[in-house]
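Worksheet: one structure, shown below.
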Amino acid sequence: MKKFFTKLFDIITKDTKSIIITGILFLFLYTVFMIGTFYFTIPLNSIVSVPGKTHDLSEEIESISDNTNLHIVSVKSFYAENRSDIFRFMWRQKEIFESYHASIFGSQEEAREGYIERGTISIEADVEKEGVLKTYLVNEYGEEKGPSLYEDIVFSEDTVGNSDTLAIALMIKQLAENRNQSTLNKNVAITGNMDKQGNALPVGSVPIKAITAAKNDADYFIVPQEHYKEAVNAKEENNLSLEIIGVESVGEAYEFLQDLQ
């Protein structure tokens, strides 16, 4: 009997080792395949955008101490002059990126200029965003209440540009109407610019933002109506567990959130 169990243990141990070795080998080959795919398909002389993170809107609104279920979506971008840039970027981020969007340029010089220009535009948009939000809140809530609502906004250094304008305006509207979305049982990611009248305006990198939202467990992704089809295509192509909501304005996004209550 002892010999039988000893033999059985040896067989199980041997099979377990084989399974572990096979698993490690499969993981290694999969990693090599994904890196190789990423390496050889990204065009050079391009600006590459990859999935980033979502940021709780409580980080943007000073009077909110608790986490909310509303999130801003950001992406990471880098300039790919040669393929070693890709590996250096992944090494710095400590992450392997399977999805990306590349803006291709004709030469290294054009790509560098495009990267610098994109950064300049983001900074200018960040400044413009403050004026848009201030004017919108005054138009919406009057000269007395509007400025006090604006003073509650804290502009995070993690999000440069205007793609969080719609989300900030939406969160402020929740507070102005005495509706705090921290009680929602669904996570909502939002991207979109906005004009002074509260109309939703287009932004960039929506497909990558959809992937980012899904990776960070968002249940819904609110985008300007102009990006609805683009976001739906990204959802289908990447098999994302995410519902896309297209809106024309802050008011329409607000109504959607009330329906989730």
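Each chain in the structure tokens gets a letter, A, B and so on, in the order shown; residues start at 1 in every chain, and ligands are counted from 1 in the order they appear.
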Could you name the residues that touch Ile211 of chain A at 12 Å or less, counting only C-alpha atoms, but leaving out those on the same chain fewer than 3 positions away, as a ChimeraX atom specification?
/A:49-54,73-75,97-101,189,205-208,214-221,231-244
Residue list (strand (DSSP E or B), DSSP) for segment 76-246 of chain A, as a PDB file with N, CA, C and O atoms, in the first residue's frame:
ATOM      1  N   LYS A  76      -2.075  57.904 -22.057  1.00  0.00           N
ATOM      2  CA  LYS A  76      -0.653  58.225 -22.064  1.00  0.00           C
ATOM      3  C   LYS A  76      -0.185  58.316 -23.516  1.00  0.00           C
ATOM      4  O   LYS A  76      -0.607  57.510 -24.347  1.00  0.00           O
ATOM      5  N   SER A  77       0.657  59.275 -23.796  1.00  0.00           N
ATOM      6  CA  SER A  77       1.163  59.443 -25.157  1.00  0.00           C
ATOM      7  C   SER A  77       2.679  59.574 -25.153  1.00  0.00           C
ATOM      8  O   SER A  77       3.261  60.079 -24.194  1.00  0.00           O
ATOM      9  N   PHE A  78       3.309  59.093 -26.225  1.00  0.00           N
ATOM     10  CA  PHE A  78       4.754  59.256 -26.366  1.00  0.00           C
ATOM     11  C   PHE A  78       5.110  59.325 -27.845  1.00  0.00           C
ATOM     12  O   PHE A  78       4.347  58.915 -28.716  1.00  0.00           O
ATOM     13  N   TYR A  79       6.264  59.870 -28.107  1.00  0.00           N
ATOM     14  CA  TYR A  79       6.755  60.026 -29.475  1.00  0.00           C
ATOM     15  C   TYR A  79       7.628  58.830 -29.813  1.00  0.00           C
ATOM     16  O   TYR A  79       8.603  58.539 -29.125  1.00  0.00           O
ATOM     17  N   ALA A  80       7.271  58.100 -30.873  1.00  0.00           N
ATOM     18  CA  ALA A  80       8.030  56.910 -31.303  1.00  0.00           C
ATOM     19  C   ALA A  80       8.869  57.252 -32.535  1.00  0.00           C
ATOM     20  O   ALA A  80       8.369  57.239 -33.660  1.00  0.00           O
ATOM     21  N   HIS A 101      -3.136  53.776 -30.327  1.00  0.00           N
ATOM     22  CA  HIS A 101      -3.532  54.544 -31.504  1.00  0.00           C
ATOM     23  C   HIS A 101      -2.330  55.384 -31.905  1.00  0.00           C
ATOM     24  O   HIS A 101      -1.714  56.043 -31.063  1.00  0.00           O
ATOM     25  N   ALA A 102      -1.966  55.351 -33.183  1.00  0.00           N
ATOM     26  CA  ALA A 102      -0.782  56.072 -33.645  1.00  0.00           C
ATOM     27  C   ALA A 102      -1.153  57.141 -34.662  1.00  0.00           C
ATOM     28  O   ALA A 102      -1.866  56.873 -35.625  1.00  0.00           O
ATOM     29  N   SER A 103      -0.681  58.367 -34.414  1.00  0.00           N
ATOM     30  CA  SER A 103      -0.796  59.453 -35.391  1.00  0.00           C
ATOM     31  C   SER A 103       0.517  59.488 -36.173  1.00  0.00           C
ATOM     32  O   SER A 103       1.576  59.760 -35.603  1.00  0.00           O
ATOM     33  N   ILE A 104       0.446  59.203 -37.458  1.00  0.00           N
ATOM     34  CA  ILE A 104       1.648  59.009 -38.267  1.00  0.00           C
ATOM     35  C   ILE A 104       2.055  60.305 -38.969  1.00  0.00           C
ATOM     36  O   ILE A 104       1.212  61.035 -39.486  1.00  0.00           O
ATOM     37  N   ILE A 153     -13.791  74.264  -7.704  1.00  0.00           N
ATOM     38  CA  ILE A 153     -13.061  73.388  -8.628  1.00  0.00           C
ATOM     39  C   ILE A 153     -11.570  73.435  -8.343  1.00  0.00           C
ATOM     40  O   ILE A 153     -10.984  74.501  -8.179  1.00  0.00           O
ATOM     41  N   VAL A 188     -19.183  55.392 -13.652  1.00  0.00           N
ATOM     42  CA  VAL A 188     -19.391  56.124 -14.901  1.00  0.00           C
ATOM     43  C   VAL A 188     -18.119  56.882 -15.268  1.00  0.00           C
ATOM     44  O   VAL A 188     -17.631  57.700 -14.489  1.00  0.00           O
ATOM     45  N   ALA A 189     -17.566  56.580 -16.439  1.00  0.00           N
ATOM     46  CA  ALA A 189     -16.407  57.301 -16.961  1.00  0.00           C
ATOM     47  C   ALA A 189     -16.891  58.325 -17.981  1.00  0.00           C
ATOM     48  O   ALA A 189     -17.860  58.080 -18.703  1.00  0.00           O
ATOM     49  N   ILE A 190     -16.232  59.468 -18.030  1.00  0.00           N
ATOM     50  CA  ILE A 190     -16.694  60.571 -18.882  1.00  0.00           C
ATOM     51  C   ILE A 190     -15.520  61.213 -19.605  1.00  0.00           C
ATOM     52  O   ILE A 190     -14.464  61.437 -19.002  1.00  0.00           O
ATOM     53  N   ASN A 193     -15.181  67.700 -24.250  1.00  0.00           N
ATOM     54  CA  ASN A 193     -15.021  69.128 -24.068  1.00  0.00           C
ATOM     55  C   ASN A 193     -16.414  69.756 -24.022  1.00  0.00           C
ATOM     56  O   ASN A 193     -17.421  69.049 -24.197  1.00  0.00           O
ATOM     57  N   MET A 194     -16.496  71.065 -23.834  1.00  0.00           N
ATOM     58  CA  MET A 194     -17.787  71.723 -23.684  1.00  0.00           C
ATOM     59  C   MET A 194     -17.643  73.200 -24.041  1.00  0.00           C
ATOM     60  O   MET A 194     -16.574  73.791 -23.868  1.00  0.00           O
ATOM     61  N   ASN A 199     -22.895  72.765 -24.295  1.00  0.00           N
ATOM     62  CA  ASN A 199     -22.954  71.778 -25.371  1.00  0.00           C
ATOM     63  C   ASN A 199     -21.674  70.944 -25.398  1.00  0.00           C
ATOM     64  O   ASN A 199     -20.566  71.487 -25.271  1.00  0.00           O
ATOM     65  N   ALA A 200     -21.826  69.632 -25.561  1.00  0.00           N
ATOM     66  CA  ALA A 200     -20.673  68.732 -25.589  1.00  0.00           C
ATOM     67  C   ALA A 200     -19.901  68.888 -26.891  1.00  0.00           C
ATOM     68  O   ALA A 200     -20.494  68.919 -27.973  1.00  0.00           O
ATOM     69  N   LEU A 201     -18.566  68.965 -26.786  1.00  0.00           N
ATOM     70  CA  LEU A 201     -17.691  69.127 -27.944  1.00  0.00           C
ATOM     71  C   LEU A 201     -16.712  67.959 -28.031  1.00  0.00           C
ATOM     72  O   LEU A 201     -16.407  67.323 -27.017  1.00  0.00           O
ATOM     73  N   TYR A 220     -20.322  52.454 -17.491  1.00  0.00           N
ATOM     74  CA  TYR A 220     -20.800  53.326 -18.565  1.00  0.00           C
ATOM     75  C   TYR A 220     -19.678  54.269 -18.984  1.00  0.00           C
ATOM     76  O   TYR A 220     -18.839  54.662 -18.165  1.00  0.00           O
ATOM     77  N   PHE A 221     -19.695  54.649 -20.256  1.00  0.00           N
ATOM     78  CA  PHE A 221     -18.725  55.601 -20.773  1.00  0.00           C
ATOM     79  C   PHE A 221     -19.483  56.683 -21.520  1.00  0.00           C
ATOM     80  O   PHE A 221     -20.047  56.441 -22.587  1.00  0.00           O
ATOM     81  N   ILE A 222     -19.526  57.886 -20.939  1.00  0.00           N
ATOM     82  CA  ILE A 222     -20.230  59.019 -21.546  1.00  0.00           C
ATOM     83  C   ILE A 222     -19.277  59.758 -22.478  1.00  0.00           C
ATOM     84  O   ILE A 222     -18.183  60.161 -22.069  1.00  0.00           O
ATOM     85  N   VAL A 223     -19.715  59.959 -23.728  1.00  0.00           N
ATOM     86  CA  VAL A 223     -18.900  60.661 -24.724  1.00  0.00           C
ATOM     87  C   VAL A 223     -19.786  61.668 -25.458  1.00  0.00           C
ATOM     88  O   VAL A 223     -21.012  61.531 -25.478  1.00  0.00           O
ATOM     89  N   PRO A 224     -19.184  62.694 -26.074  1.00  0.00           N
ATOM     90  CA  PRO A 224     -19.975  63.571 -26.951  1.00  0.00           C
ATOM     91  C   PRO A 224     -20.625  62.750 -28.064  1.00  0.00           C
ATOM     92  O   PRO A 224     -20.025  61.781 -28.553  1.00  0.00           O
ATOM     93  N   GLU A 243     -21.003  50.059 -21.478  1.00  0.00           N
ATOM     94  CA  GLU A 243     -22.101  50.632 -22.252  1.00  0.00           C
ATOM     95  C   GLU A 243     -21.752  52.067 -22.643  1.00  0.00           C
ATOM     96  O   GLU A 243     -21.377  52.878 -21.793  1.00  0.00           O
ATOM     97  N   ILE A 244     -21.862  52.370 -23.932  1.00  0.00           N
ATOM     98  CA  ILE A 244     -21.512  53.689 -24.441  1.00  0.00           C
ATOM     99  C   ILE A 244     -22.745  54.596 -24.436  1.00  0.00           C
ATOM    100  O   ILE A 244     -23.805  54.215 -24.922  1.00  0.00           O
ATOM    101  N   ILE A 245     -22.576  55.795 -23.893  1.00  0.00           N
ATOM    102  CA  ILE A 245     -23.661  56.775 -23.832  1.00  0.00           C
ATOM    103  C   ILE A 245     -23.208  58.039 -24.562  1.00  0.00           C
ATOM    104  O   ILE A 245     -22.243  58.691 -24.140  1.00  0.00           O
ATOM    105  N   GLY A 246     -23.886  58.384 -25.637  1.00  0.00           N
ATOM    106  CA  GLY A 246     -23.581  59.613 -26.369  1.00  0.00           C
ATOM    107  C   GLY A 246     -24.493  60.740 -25.918  1.00  0.00           C
ATOM    108  O   GLY A 246     -25.710  60.544 -25.804  1.00  0.00           O
TER     109      GLY A 246
END
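From atom CA of Asp164 of chain A back to atom CA of Asp56 of chain A, the distance works out to 11.3 Å.
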DSSP-assigned alpha helix (DSSP H) among segment 20-216 of chain A, expressed as a PyMOL selection string
chain A and resi 20-41+83-93+108-150+165-176+206-215
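Coordinates place atom CA of Leu260 of chain A at a distance of 22.4 Å from atom CA of Glu60 of chain A.
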Contacts of Ile121 of chain A at 12 Å or less, counting only C-alpha atoms, minus same-chain residues fewer than 6 places along, as number ranges by chain?
A: 114-115, 127-129, 160-162, 204
